[in-house]
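Asks: Got structure.cif for you, mmCIF, C-alpha atoms:
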```cif
data_query
#
loop_
_atom_site.label_atom_id
_atom_site.label_comp_id
_atom_site.auth_asym_id
_atom_site.auth_seq_id
_atom_site.Cartn_x
_atom_site.Cartn_y
_atom_site.Cartn_z
CA MET Q 1 90.17 36.08 83.64
CA LYS Q 2 93.17 35.13 85.74
CA GLU Q 3 91.82 31.62 86.48
CA LEU Q 4 90.99 30.99 82.82
CA ILE Q 5 94.49 31.92 81.62
CA LEU Q 6 96.23 29.90 84.32
CA LYS Q 7 94.02 26.83 83.60
CA TRP Q 8 94.90 27.21 79.93
CA ILE Q 9 98.62 27.13 80.81
CA ALA Q 10 98.05 24.19 83.18
CA SER Q 11 96.43 22.23 80.37
CA PHE Q 12 99.85 21.99 78.67
CA TYR Q 13 101.12 20.04 81.69
CA ASP Q 14 98.00 17.87 82.20
CA ILE Q 15 97.24 19.73 85.42
CA ASN Q 16 93.74 20.76 86.44
CA THR Q 17 94.24 23.39 89.18
CA THR Q 18 96.18 26.60 89.51
CA ASP Q 19 97.74 25.53 92.79
CA GLU Q 20 99.24 22.46 91.12
CA LEU Q 21 100.66 24.69 88.38
CA VAL Q 22 102.29 27.00 90.91
CA ALA Q 23 103.71 23.97 92.76
CA LEU Q 24 105.08 22.60 89.47
CA PHE Q 25 106.81 25.83 88.52
CA SER Q 26 108.34 26.09 91.97
CA GLN Q 27 110.39 22.96 91.23
CA SER Q 28 113.90 23.62 89.97
CA ASP Q 29 113.53 21.54 86.78
CA HIS Q 30 110.54 23.67 85.69
CA PHE Q 31 111.99 27.07 86.74
CA TRP Q 32 112.75 28.14 83.19
CA HIS Q 33 109.25 27.14 82.15
CA SER Q 34 107.95 29.66 84.64
CA VAL Q 35 110.32 32.35 83.33
CA ALA Q 36 109.37 31.63 79.71
CA TRP Q 37 105.64 31.85 80.40
CA SER Q 38 106.10 35.06 82.41
CA VAL Q 39 108.17 36.70 79.67
CA LEU Q 40 105.68 35.62 77.01
CA MET Q 41 102.70 36.97 78.97
CA LEU Q 42 104.61 40.17 79.83
CA VAL Q 43 105.35 40.82 76.16
CA CYS Q 44 101.72 40.16 75.23
CA THR Q 45 100.50 42.37 78.06
CA VAL Q 46 102.79 45.23 77.05
CA ILE Q 47 101.73 44.91 73.40
CA VAL Q 48 98.05 44.94 74.30
CA SER Q 49 98.66 47.86 76.66
CA LEU Q 50 100.35 49.82 73.87
CA ILE Q 51 97.42 49.05 71.58
CA ILE Q 52 95.01 50.31 74.25
CA TRP Q 53 97.14 53.44 74.64
CA TRP Q 54 97.15 54.05 70.87
CA VAL Q 55 93.40 53.52 70.58
CA THR Q 56 92.81 55.85 73.51
CA LYS Q 57 95.22 58.48 72.16
CA GLU Q 58 94.20 58.46 68.51
CA ILE Q 59 90.55 57.38 68.46
CA LEU Q 60 88.96 58.17 71.82
CA LEU Q 61 90.80 61.50 72.20
CA GLY Q 62 89.93 62.42 68.63
CA PHE Q 63 86.27 61.77 69.42
CA VAL Q 64 86.50 63.76 72.66
CA HIS Q 65 88.18 66.71 70.88
CA SER Q 66 85.59 66.79 68.11
CA PHE Q 67 82.78 66.55 70.67
CA ALA Q 68 84.29 69.43 72.67
CA LYS Q 69 84.37 71.64 69.56
CA ARG Q 70 80.66 71.05 68.92
CA THR Q 71 79.52 71.92 72.44
CA LYS Q 72 78.61 75.47 73.41
CA THR Q 73 80.44 75.43 76.74
CA ASN Q 74 83.99 76.71 76.98
CA PHE Q 75 85.04 74.38 79.80
CA ASP Q 76 85.64 71.31 77.63
CA ASP Q 77 87.52 73.44 75.07
CA LEU Q 78 89.88 74.59 77.81
CA LEU Q 79 90.33 70.99 78.98
CA VAL Q 80 91.42 70.08 75.45
CA GLU Q 81 93.66 73.16 75.21
CA ASN Q 82 95.39 72.31 78.49
CA LYS Q 83 95.79 68.64 77.35
CA PHE Q 84 93.87 67.27 80.32
CA PHE Q 85 92.52 64.31 78.33
CA ASP Q 86 96.01 63.60 76.93
CA ALA Q 87 97.31 63.09 80.46
CA LEU Q 88 94.25 61.05 81.44
CA ALA Q 89 94.77 58.78 78.41
CA HIS Q 90 97.83 57.25 80.07
CA VAL Q 91 95.78 55.98 83.02
CA LEU Q 92 93.76 53.39 81.08
CA PRO Q 93 96.70 51.30 79.75
CA LEU Q 94 98.38 51.53 83.17
CA LEU Q 95 95.22 50.16 84.80
CA PHE Q 96 95.27 47.32 82.28
CA LEU Q 97 98.87 46.53 83.27
CA ASP Q 98 97.96 46.73 86.94
CA TYR Q 99 95.28 44.07 86.46
CA PHE Q 100 97.34 41.64 84.34
CA PHE Q 101 100.59 41.86 86.35
CA SER Q 102 99.03 39.44 88.85
CA ILE Q 103 98.70 36.93 86.00
CA VAL Q 104 102.10 37.60 84.43
CA PHE Q 105 103.99 37.11 87.70
CA PHE Q 106 101.68 34.47 89.22
CA SER Q 107 104.64 32.27 90.12
CA ALA Q 108 106.97 35.07 91.28
CA PRO Q 109 105.38 37.07 94.14
CA LYS Q 110 108.44 39.29 94.66
CA ALA Q 111 108.61 40.27 90.98
CA PHE Q 112 104.86 40.93 91.02
CA ASP Q 113 105.19 43.12 94.13
CA PHE Q 114 107.99 45.17 92.53
CA ALA Q 115 106.23 45.60 89.15
CA ASP Q 116 102.93 46.39 90.83
CA ARG Q 117 104.46 49.14 92.97
CA ILE Q 118 106.20 50.75 89.96
CA ASN Q 119 102.96 50.63 87.97
CA GLU Q 120 100.92 52.15 90.79
CA VAL Q 121 103.47 54.98 91.08
CA LEU Q 122 103.09 55.63 87.35
CA ILE Q 123 99.31 55.72 87.76
CA ALA Q 124 99.65 58.18 90.63
CA PHE Q 125 101.99 60.32 88.51
CA ALA Q 126 99.53 60.33 85.59
CA VAL Q 127 96.74 61.35 87.98
CA LEU Q 128 98.99 64.13 89.35
CA VAL Q 129 99.65 65.52 85.87
CA SER Q 130 95.93 65.31 85.08
CA LEU Q 131 94.97 67.18 88.26
CA ARG Q 132 97.54 69.92 87.60
CA ARG Q 133 96.19 70.43 84.09
CA LEU Q 134 92.66 70.44 85.47
CA MET Q 135 93.67 73.24 87.86
CA ASN Q 136 95.15 75.16 84.90
CA THR Q 137 91.73 74.89 83.24
CA PHE Q 138 89.94 76.19 86.34
CA GLY Q 139 92.45 79.05 86.49
CA ALA Q 140 91.76 80.00 82.85
CA ILE Q 141 88.01 79.98 83.51
CA LEU Q 142 88.33 82.16 86.62
CA LYS Q 143 90.63 84.66 84.84
CA SER Q 144 88.13 84.98 81.99
CA ARG Q 145 85.45 86.33 84.34
CA PRO Q 146 85.35 90.17 84.37
CA SER Q 147 84.91 90.34 88.15
CA LEU Q 148 88.13 88.35 88.70
CA GLU Q 149 90.34 89.80 85.96
CA SER Q 150 92.38 91.90 88.38
CA LYS Q 151 92.73 89.18 91.07
CA PRO Q 152 95.94 87.11 91.44
CA ILE Q 153 94.27 83.89 90.28
CA ASN Q 154 97.62 82.39 89.25
CA ALA Q 155 98.91 82.65 92.82
CA TYR Q 156 95.91 80.75 94.21
CA ILE Q 157 96.02 78.09 91.49
CA GLN Q 158 99.75 77.57 92.01
CA THR Q 159 99.20 77.19 95.76
CA ILE Q 160 96.57 74.50 95.19
CA LYS Q 161 98.85 72.77 92.67
CA ILE Q 162 101.69 72.72 95.22
CA ILE Q 163 99.38 71.16 97.83
CA ILE Q 164 98.16 68.54 95.32
CA THR Q 165 101.75 67.77 94.29
CA ILE Q 166 102.88 67.31 97.90
CA VAL Q 167 99.94 64.98 98.64
CA MET Q 168 100.57 62.89 95.51
CA ILE Q 169 104.31 62.69 96.24
CA VAL Q 170 103.51 61.37 99.72
CA ILE Q 171 101.17 58.80 98.14
CA MET Q 172 103.85 57.75 95.62
CA LEU Q 173 106.45 57.37 98.38
CA SER Q 174 103.95 55.30 100.33
CA LEU Q 175 103.36 53.05 97.31
CA ILE Q 176 107.09 52.55 96.72
CA THR Q 177 108.09 51.84 100.30
CA GLY Q 178 104.91 50.18 101.49
CA GLN Q 179 104.73 52.59 104.45
CA SER Q 180 101.53 54.35 105.48
CA PRO Q 181 101.11 57.96 104.21
CA THR Q 182 100.81 59.08 107.84
CA PHE Q 183 104.40 57.90 108.36
CA PHE Q 184 105.67 60.45 105.84
CA LEU Q 185 103.31 63.15 107.10
CA THR Q 186 104.63 62.77 110.63
CA SER Q 187 108.18 62.76 109.27
CA LEU Q 188 107.51 66.17 107.71
CA GLY Q 189 107.36 67.63 111.23
CA ALA Q 190 111.02 66.80 111.77
CA MET Q 191 111.89 68.34 108.38
CA THR Q 192 110.06 71.61 109.01
CA ALA Q 193 113.25 73.67 109.27
CA ILE Q 194 114.58 72.23 106.01
CA LEU Q 195 111.23 72.75 104.27
CA LEU Q 196 111.07 76.36 105.45
CA LEU Q 197 114.55 76.94 104.03
CA VAL Q 198 113.84 75.22 100.70
CA PHE Q 199 110.38 76.73 100.22
CA LYS Q 200 111.17 80.13 101.75
CA ASP Q 201 110.41 82.07 98.55
CA THR Q 202 107.24 80.07 97.97
CA ILE Q 203 105.97 80.67 101.51
CA LEU Q 204 106.80 84.39 101.38
CA GLY Q 205 105.17 84.60 97.94
CA LEU Q 206 102.02 82.92 99.24
CA VAL Q 207 101.84 85.30 102.21
CA GLY Q 208 102.51 88.27 99.91
CA SER Q 209 99.92 87.30 97.32
CA ILE Q 210 97.26 86.79 100.00
CA GLN Q 211 98.01 90.21 101.53
CA LEU Q 212 98.04 91.88 98.11
CA ALA Q 213 94.62 90.41 97.31
CA ALA Q 214 93.13 91.00 100.76
CA ASN Q 215 94.20 94.67 100.85
CA ASP Q 216 93.61 95.21 97.12
CA MET Q 217 97.11 96.67 96.78
CA VAL Q 218 97.88 95.51 93.24
CA ARG Q 219 95.71 94.28 90.43
CA ILE Q 220 96.53 92.99 86.98
CA GLY Q 221 96.50 96.01 84.68
CA ASP Q 222 97.60 98.51 87.36
CA TRP Q 223 100.34 100.97 86.53
CA VAL Q 224 102.99 100.64 89.25
CA SER Q 225 106.39 102.23 89.82
CA MET Q 226 109.09 100.57 91.92
CA GLU Q 227 112.42 102.39 91.70
CA LYS Q 228 114.32 99.68 93.59
CA PHE Q 229 113.79 97.23 90.72
CA GLY Q 230 113.63 99.80 87.92
CA ALA Q 231 109.98 98.90 87.26
CA ASP Q 232 107.60 101.46 85.77
CA GLY Q 233 104.68 100.06 83.80
CA ASP Q 234 101.62 97.82 83.83
CA VAL Q 235 101.23 94.66 85.93
CA ILE Q 236 100.65 91.81 83.47
CA GLU Q 237 100.84 88.80 85.77
CA ILE Q 238 100.71 88.01 89.49
CA ASN Q 239 102.08 84.57 90.36
CA LEU Q 240 102.77 82.81 93.62
CA THR Q 241 106.38 83.99 93.85
CA THR Q 242 106.68 86.82 91.29
CA VAL Q 243 104.86 89.81 89.85
CA LYS Q 244 105.60 90.68 86.22
CA VAL Q 245 105.60 94.35 85.22
CA GLN Q 246 105.79 95.36 81.56
CA ASN Q 247 107.68 98.65 81.47
CA TRP Q 248 106.92 101.47 79.04
CA ASP Q 249 109.97 100.53 76.97
CA ARG Q 250 108.32 97.08 76.51
CA THR Q 251 110.84 95.31 78.75
CA ILE Q 252 109.52 93.08 81.53
CA THR Q 253 110.65 93.35 85.15
CA THR Q 254 110.08 90.37 87.45
CA ILE Q 255 109.66 91.33 91.10
CA PRO Q 256 109.30 88.91 94.06
CA THR Q 257 105.72 89.10 95.29
CA TYR Q 258 106.71 89.65 98.91
CA ASN Q 259 108.64 92.81 97.99
CA PHE Q 260 105.32 94.54 97.35
CA ILE Q 261 104.65 94.03 101.06
CA SER Q 262 108.10 94.71 102.49
CA ASP Q 263 109.10 97.63 100.20
CA SER Q 264 107.35 100.78 99.06
CA PHE Q 265 105.94 101.22 95.57
CA LYS Q 266 103.64 103.62 93.76
CA ASN Q 267 100.32 102.47 92.31
CA TRP Q 268 98.79 104.86 89.77
CA ARG Q 269 95.36 103.21 89.87
CA GLY Q 270 93.80 106.16 91.68
CA MET Q 271 94.90 108.46 88.87
CA SER Q 272 93.51 106.10 86.25
CA GLU Q 273 90.16 105.79 88.01
CA SER Q 274 89.84 109.55 88.58
CA GLY Q 275 89.97 110.34 84.86
CA GLY Q 276 92.58 113.07 85.32
CA ARG Q 277 96.37 113.11 85.28
CA ARG Q 278 98.40 115.69 87.16
CA ILE Q 279 100.62 118.34 85.60
CA LYS Q 280 103.15 119.59 88.14
CA ARG Q 281 105.88 121.54 86.36
CA SER Q 282 107.69 124.80 87.00
CA VAL Q 283 109.07 127.62 84.91
CA PHE Q 284 111.98 129.57 86.46
CA ILE Q 285 111.78 133.36 86.25
CA LYS Q 286 114.95 135.42 86.34
CA MET Q 287 114.91 137.33 89.65
CA ASP Q 288 116.11 140.68 88.32
CA SER Q 289 113.18 140.76 85.86
CA VAL Q 290 110.64 140.79 88.72
CA LYS Q 291 109.44 144.36 89.40
CA PHE Q 292 106.47 146.59 90.10
CA ALA Q 293 104.18 146.89 87.10
CA SER Q 294 104.59 150.27 85.37
CA ASP Q 295 101.62 152.31 84.11
CA ARG Q 296 102.61 151.34 80.59
CA LEU Q 297 102.58 147.60 81.43
CA ILE Q 298 99.28 147.85 83.30
CA GLU Q 299 97.70 149.69 80.37
CA LYS Q 300 98.98 147.07 77.93
CA LEU Q 301 97.83 144.12 80.05
CA SER Q 302 94.43 145.73 80.66
CA LYS Q 303 93.69 145.15 77.01
CA ILE Q 304 93.87 141.39 77.62
CA LYS Q 305 90.38 140.07 78.28
CA ALA Q 306 91.67 137.62 80.87
CA LEU Q 307 93.16 140.45 83.01
CA HIS Q 308 90.95 143.48 82.30
CA GLU Q 309 88.42 142.99 85.12
CA PHE Q 310 91.06 141.76 87.57
CA ILE Q 311 93.33 144.77 86.98
CA GLU Q 312 90.49 147.25 87.37
CA GLU Q 313 89.30 145.61 90.58
CA ARG Q 314 92.80 145.30 92.02
CA GLU Q 315 93.73 148.91 91.08
CA GLY Q 316 90.62 150.11 92.90
CA GLU Q 317 91.60 148.13 96.02
CA ILE Q 318 95.18 149.43 95.90
CA GLN Q 319 94.19 153.05 95.46
CA ALA Q 320 91.67 152.79 98.31
CA TYR Q 321 94.31 151.21 100.57
CA ASN Q 322 96.99 153.78 99.74
CA LYS Q 323 94.56 156.67 100.17
CA LYS Q 324 93.37 155.33 103.52
CA HIS Q 325 96.94 155.06 104.79
CA GLU Q 326 98.03 158.26 103.06
CA LEU Q 327 100.65 156.49 100.99
CA ALA Q 328 101.95 157.78 97.69
CA GLU Q 329 102.54 155.27 94.93
CA THR Q 330 106.22 156.14 94.89
CA GLN Q 331 106.65 155.16 98.53
CA ILE Q 332 108.25 151.78 99.12
CA ASN Q 333 105.55 150.58 101.52
CA ALA Q 334 102.68 151.52 99.20
CA ARG Q 335 100.74 148.74 97.59
CA ARG Q 336 101.44 148.21 93.90
CA GLN Q 337 100.91 145.43 91.40
CA THR Q 338 103.86 143.33 90.22
CA ASN Q 339 104.47 141.85 86.82
CA ILE Q 340 104.96 138.36 88.26
CA GLY Q 341 101.66 138.62 90.19
CA LEU Q 342 99.82 139.58 86.99
CA PHE Q 343 101.58 136.72 85.22
CA ARG Q 344 100.35 134.22 87.82
CA ARG Q 345 96.82 135.63 87.56
CA TYR Q 346 96.86 135.27 83.80
CA LEU Q 347 97.97 131.65 84.00
CA ILE Q 348 95.13 130.82 86.41
CA TYR Q 349 92.62 132.33 83.97
CA TYR Q 350 94.27 130.48 81.08
CA LEU Q 351 94.04 127.11 82.86
CA ASN Q 352 90.47 127.70 84.04
CA ASN Q 353 89.42 128.21 80.43
CA HIS Q 354 91.53 125.46 78.85
CA GLU Q 355 89.30 122.77 77.32
CA ARG Q 356 91.72 119.92 78.11
CA ILE Q 357 92.15 120.79 81.81
CA HIS Q 358 89.91 118.95 84.29
CA GLN Q 359 87.86 121.70 85.92
CA GLY Q 360 86.64 119.44 88.72
CA MET Q 361 90.14 119.03 90.17
CA THR Q 362 92.70 121.35 91.69
CA ILE Q 363 93.93 124.18 89.48
CA MET Q 364 96.71 126.25 90.98
CA VAL Q 365 99.62 128.47 89.93
CA ARG Q 366 101.95 129.10 92.84
CA GLN Q 367 105.30 130.69 93.56
CA LEU Q 368 107.85 128.41 95.23
CA SER Q 369 110.92 129.32 97.24
CA PRO Q 370 113.57 131.11 95.16
CA THR Q 371 116.62 129.08 94.16
CA GLU Q 372 119.91 129.78 92.41
CA ASN Q 373 117.99 129.17 89.18
CA GLY Q 374 115.47 131.93 89.82
CA VAL Q 375 111.90 132.13 91.09
CA PRO Q 376 109.91 128.93 90.33
CA ILE Q 377 106.35 129.47 89.13
CA GLU Q 378 104.67 126.08 89.38
CA VAL Q 379 101.67 125.02 87.33
CA TYR Q 380 99.57 122.50 89.22
CA CYS Q 381 96.51 121.09 87.48
CA PHE Q 382 95.02 117.92 85.98
CA THR Q 383 94.29 116.99 82.39
CA ASN Q 384 90.89 115.52 81.52
CA THR Q 385 92.55 112.43 80.04
CA ILE Q 386 94.88 109.79 81.41
CA ALA Q 387 96.27 108.69 78.04
CA TRP Q 388 100.02 109.19 78.09
CA LEU Q 389 100.44 110.64 74.59
CA GLU Q 390 97.54 113.07 75.00
CA TYR Q 391 98.78 114.09 78.44
CA GLU Q 392 102.25 114.95 77.17
CA GLU Q 393 100.77 116.87 74.23
CA ILE Q 394 98.54 118.95 76.54
CA ALA Q 395 101.38 119.69 78.98
CA SER Q 396 103.69 120.70 76.14
CA ASP Q 397 101.06 123.02 74.62
CA ILE Q 398 100.53 124.76 77.97
CA PHE Q 399 104.22 125.43 78.51
CA ASP Q 400 104.69 126.43 74.87
CA HIS Q 401 102.15 129.15 75.56
CA ILE Q 402 103.80 130.13 78.85
CA PHE Q 403 107.22 130.52 77.23
CA ALA Q 404 105.68 132.60 74.45
CA VAL Q 405 103.74 135.08 76.66
CA VAL Q 406 106.22 135.55 79.52
CA LYS Q 407 107.95 138.45 77.70
CA ASP Q 408 104.66 140.35 77.50
CA PHE Q 409 104.87 140.68 81.29
CA ASP Q 410 108.42 142.10 81.15
CA LEU Q 411 109.68 138.83 82.65
CA GLU Q 412 112.56 136.64 81.54
CA ILE Q 413 113.10 132.88 81.77
CA HIS Q 414 116.23 131.91 83.70
CA GLU Q 415 118.91 130.14 81.70
CA SER Q 416 122.34 129.10 82.87
CA PRO Q 417 125.09 130.80 80.81
CA SER Q 418 126.48 128.78 77.92
CA GLY Q 419 129.85 128.85 76.20
CA MET Q 420 128.45 131.27 73.62
CA ASP Q 421 127.51 133.74 76.38
CA PHE Q 422 131.06 133.76 77.73
CA GLN Q 423 132.40 134.19 74.19
CA LYS Q 424 130.21 137.28 73.68
CA VAL Q 425 131.50 138.82 76.93
CA LEU Q 426 135.10 138.24 75.85
CA MET Q 427 134.38 139.76 72.43
CA GLN Q 428 132.91 142.87 74.06
CA ARG Q 429 135.95 143.26 76.30
CA ASN Q 430 138.32 142.86 73.36
CA GLY Q 431 136.48 145.35 71.21
CA GLY Q 432 134.81 142.75 69.02
CA ASN Q 433 137.88 140.54 68.52
CA ALA Q 434 137.54 136.99 69.81
#
```
Represent the structure contained in this file as C-alpha cells.

Replies:
Amino acid sequence: MKELILKWIASFYDINTTDELVALFSQSDHFWHSVAWSVLMLVCTVIVSLIIWWVTKEILLGFVHSFAKRTKTNFDDLLVENKFFDALAHVLPLLFLDYFFSIVFFSAPKAFDFADRINEVLIAFAVLVSLRRLMNTFGAILKSRPSLESKPINAYIQTIKIIITIVMIVIMLSLITGQSPTFFLTSLGAMTAILLLVFKDTILGLVGSIQLAANDMVRIGDWVSMEKFGADGDVIEINLTTVKVQNWDRTITTIPTYNFISDSFKNWRGMSESGGRRIKRSVFIKMDSVKFASDRLIEKLSKIKALHEFIEEREGEIQAYNKKHELAETQINARRQTNIGLFRRYLIYYLNNHERIHQGMTIMVRQLSPTENGVPIEVYCFTNTIAWLEYEEIASDIFDHIFAVVKDFDLEIHESPSGMDFQKVLMQRNGGNA
C-alpha cells in the first residue's frame, strides 16, 4: 500500500521510484511540495480514521450489543454493561493511523517518529482502559457467585487493576522516551521510599484486605460495630483501601481497611448464625423491700402454678434443716425463703416456658452486686429470632411482665426521686400547703 501511494505521487513529477521522490522532496525548492502532500495525506488519513471509528462505534458495536442480548451467557452482557467494547473500539482507528503515518510522513522521519510515538501511547492507553473494564467484568461475575458473595472481591480486582496500570504506564513511558521498560523498572528501586509514602494507604489496604479474607474476619453482609468510627451496621462493600458500613440510621461510614486489623471491632456474625439474640437487661429492686417471705406471701404465691411445686419442695427442705439444727423460724440464723428469691425463681420458670425464648441456649436470672440504685436482678437469655424488630418486641414484653408482677412479691422497683417527690415531702411538712 505504501509503495503504491508513493509511486502515484511520484507520477506527478515523472519519477519512477520512491527513492527519487524522497530525494526530490529533500531539495529546498520542493520543500513545500513535501509539506503540502503530507498535510493532504494527514487530513485524508484522519478523515478515514474518523469514518472507521464511527463505523466501529455505531455499526459494529450495535451488532455486538444485539448479539450479546441474544446469547444465554451473562459474560458478554456484563462486557457490554461495563463498556468494554466501547473502549476497544478506539483501538482499530488508532491502528489504522499507526499504519498510514509511515506514508504520511515518508519524507520527514523526525515528524513520523514523533507522531508514531504519540499514536502508540494512545493505543496503549486504550488497551489499558479496555483491560480495566475487563477486570470490572470479571469482578462482577465473581461477586455474583454465591460461594464468593462474602469475599472482598473488589479488593483483589483493584489490586490487579493497579498492577496492570503500573505495567501499562511503564510501557507508555518506554514508548515516549524510547527507553527499554527495564530501565524504568530498575529506576523504581531508587524510588521505593517515595512509592511507599505515596501508596502507603494502598499498601496497608492490600495487606489488610488479604488478612481479613485469610482469617475470615469480615464478610460482606456482616453486622459490625466499631465505636472509634461510630460505625454500627452491615458491611456493604470491601474495597482495597476502605470498608463501607451502612449504619442502622441508613448513613454510611467509610473505614480504612487496615483499621480492622490494627483496631478492635465487634462482629455479630456468630449471633446471626446461631439463630438467637441475647437479652441482657436488669431491673433494680429497692433494697428496703427485700425481706423474708411471710406466711401470707408464701400462701399467696403457692397458688401460682409456676411456684407451687418449688415452694412445697423448698419448705420441706427448710423445715428439715431447721429441725435438724434445732432452729426456730424466728431465729435469725434459721433458714427462710425470701421474696426476692421467689421472684427470681418465678422469672426462671417464666423464661423456660416463653415460646419466643431459645430453649437451647443459656437461660439465667441472677442477682448482681448491689449499687446505689438498688439490687440488680439481671435477665440473661436468648430470643429464638435475630430480627431486630422482633427482638425488641420480645424483650419489651418480658420486662412489661416483670414490672407488672414485681408488686405481687412485695417488692418495689427503685426510682430516683423526682421534683414531684420533693414537693410532696414539703407539702407534708407544711401541713398540705405548698

Asks: If you measure from atom CA of Q:Phe382 to atom CA of Q:His358, what distance in Å do you get, rounded to one decimal?

Replies: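 Value for the atom CA of Q:Phe382-atom CA of Q:His358 distance: 5.5 Å.
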
Asks: I'd like the residues picked by the PyMOL selection byres ((chain Q and resi 257) around 6) written out as a PDB file with C-alpha atoms, in the coordinates of the input, using the chain letters and numbers from the file.

Replies:
```pdb
ATOM      1  CA  GLY Q 205     105.170  84.600  97.940  1.00  0.00           C
ATOM      2  CA  GLY Q 208     102.510  88.270  99.910  1.00  0.00           C
ATOM      3  CA  THR Q 241     106.380  83.990  93.850  1.00  0.00           C
ATOM      4  CA  THR Q 242     106.680  86.820  91.290  1.00  0.00           C
ATOM      5  CA  VAL Q 243     104.860  89.810  89.850  1.00  0.00           C
ATOM      6  CA  PRO Q 256     109.300  88.910  94.060  1.00  0.00           C
ATOM      7  CA  TYR Q 258     106.710  89.650  98.910  1.00  0.00           C
ATOM      8  CA  ASN Q 259     108.640  92.810  97.990  1.00  0.00           C
ATOM      9  CA  PHE Q 260     105.320  94.540  97.350  1.00  0.00           C
TER      10      PHE Q 260
END
```

Asks: Which polymer residues have any atom within 9 Å of an atom of Q:Leu351, counting all atoms listed in the file, with same-chain residues fewer than 4 positions away left out, as an NGL selection string?

Replies: :Q and (346-347 or 355-357 or 359 or 363-364 or 381 or 398)

Asks: For atom CA of Q:Ile59 and atom CA of Q:Leu94, quote the distance in Å rounded to one decimal.

Replies: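 Straight-line distance from atom CA of Q:Ile59 to atom CA of Q:Leu94 works out to 17.7 Å.
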
Asks: Name all residues at most 10 Å from stretch 336-342 of chain Q (count only C-alpha atoms; drop same-chain ones fewer than 4 positions away) and give them as number ranges by chain.

Replies: Q: 285, 289-294, 297-298, 301, 307, 310-311, 314-315, 318-319, 322, 329-332, 346-348, 366-367, 375, 377, 406, 408-411

Asks: Measuring between all atoms listed in the file, which one of Q:Thr202, Q:Thr71, Q:Ser369, Q:Gln246 shows the shortest distance to Q:Ser282?

Replies: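 For Q:Ser282, the nearest of the candidates is Q:Ser369.
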
Asks: With all atoms listed in the file as the counted atoms, please give the residues lying no more than 10 Å from Q:Thr251, apart from itself and same-chain residues fewer than 3 positions off, as a list of chain:residue names.

Replies: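 Near neighbours after the sequence-gap exclusion: Q:Ala231, Q:Asp232, Q:Gly233, Q:Val245, Q:Gln246, Q:Asn247, Q:Trp248.
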
Asks: Can you give me, as a list of chain:residue names, the residues this file yields under the PyMOL selection byres ((chain Q and resi 61) around 12)?

Replies: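 Residues picked by the PyMOL selection byres ((chain Q and resi 61) around 12): Q:Trp53, Q:Trp54, Q:Val55, Q:Thr56, Q:Lys57, Q:Glu58, Q:Ile59, Q:Leu60, Q:Gly62, Q:Phe63, Q:Val64, Q:His65, Q:Ser66, Q:Phe67, Q:Ala68, Q:Leu79, Q:Val80, Q:Lys83, Q:Phe84, Q:Phe85, Q:Asp86, Q:Ala87, Q:Leu88, Q:Ala89, Q:His90.
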
Asks: Residues proximal to (98.8, 113.2, 78.8) were defined as those with any atom within 12 Å of that point in the file's coordinates, counting all atoms listed in the file. Which are they, as a ChimeraX atom specification?

Replies: /Q:271-272,275-279,356-358,381-398

Asks: Taking all atoms of stretch 237-253 of chain Q that appear in the file, build a box with edges along x, y and z, extend it by 5 Å on every side, and state its centre and edge lengths in Å to one decimal, as JSON.

Replies:
```
{"center_x": 105.8, "center_y": 92.1, "center_z": 85.2, "size_x": 20.1, "size_y": 28.7, "size_z": 27.3}
```

Asks: In Å, rounded to a single decimal, give me how far atom CA of Q:Thr137 is from atom CA of Q:Gln158.

Replies: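 Between these atoms lies a distance of 12.2 Å.
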
Asks: Give the answer as one residue: which of Q:Glu326, Q:Asp98, Q:Glu120, Q:Asp216 has the shortest atom-to-atom distance to Q:Leu175, using all atoms listed in the file?

Replies: Q:Glu120
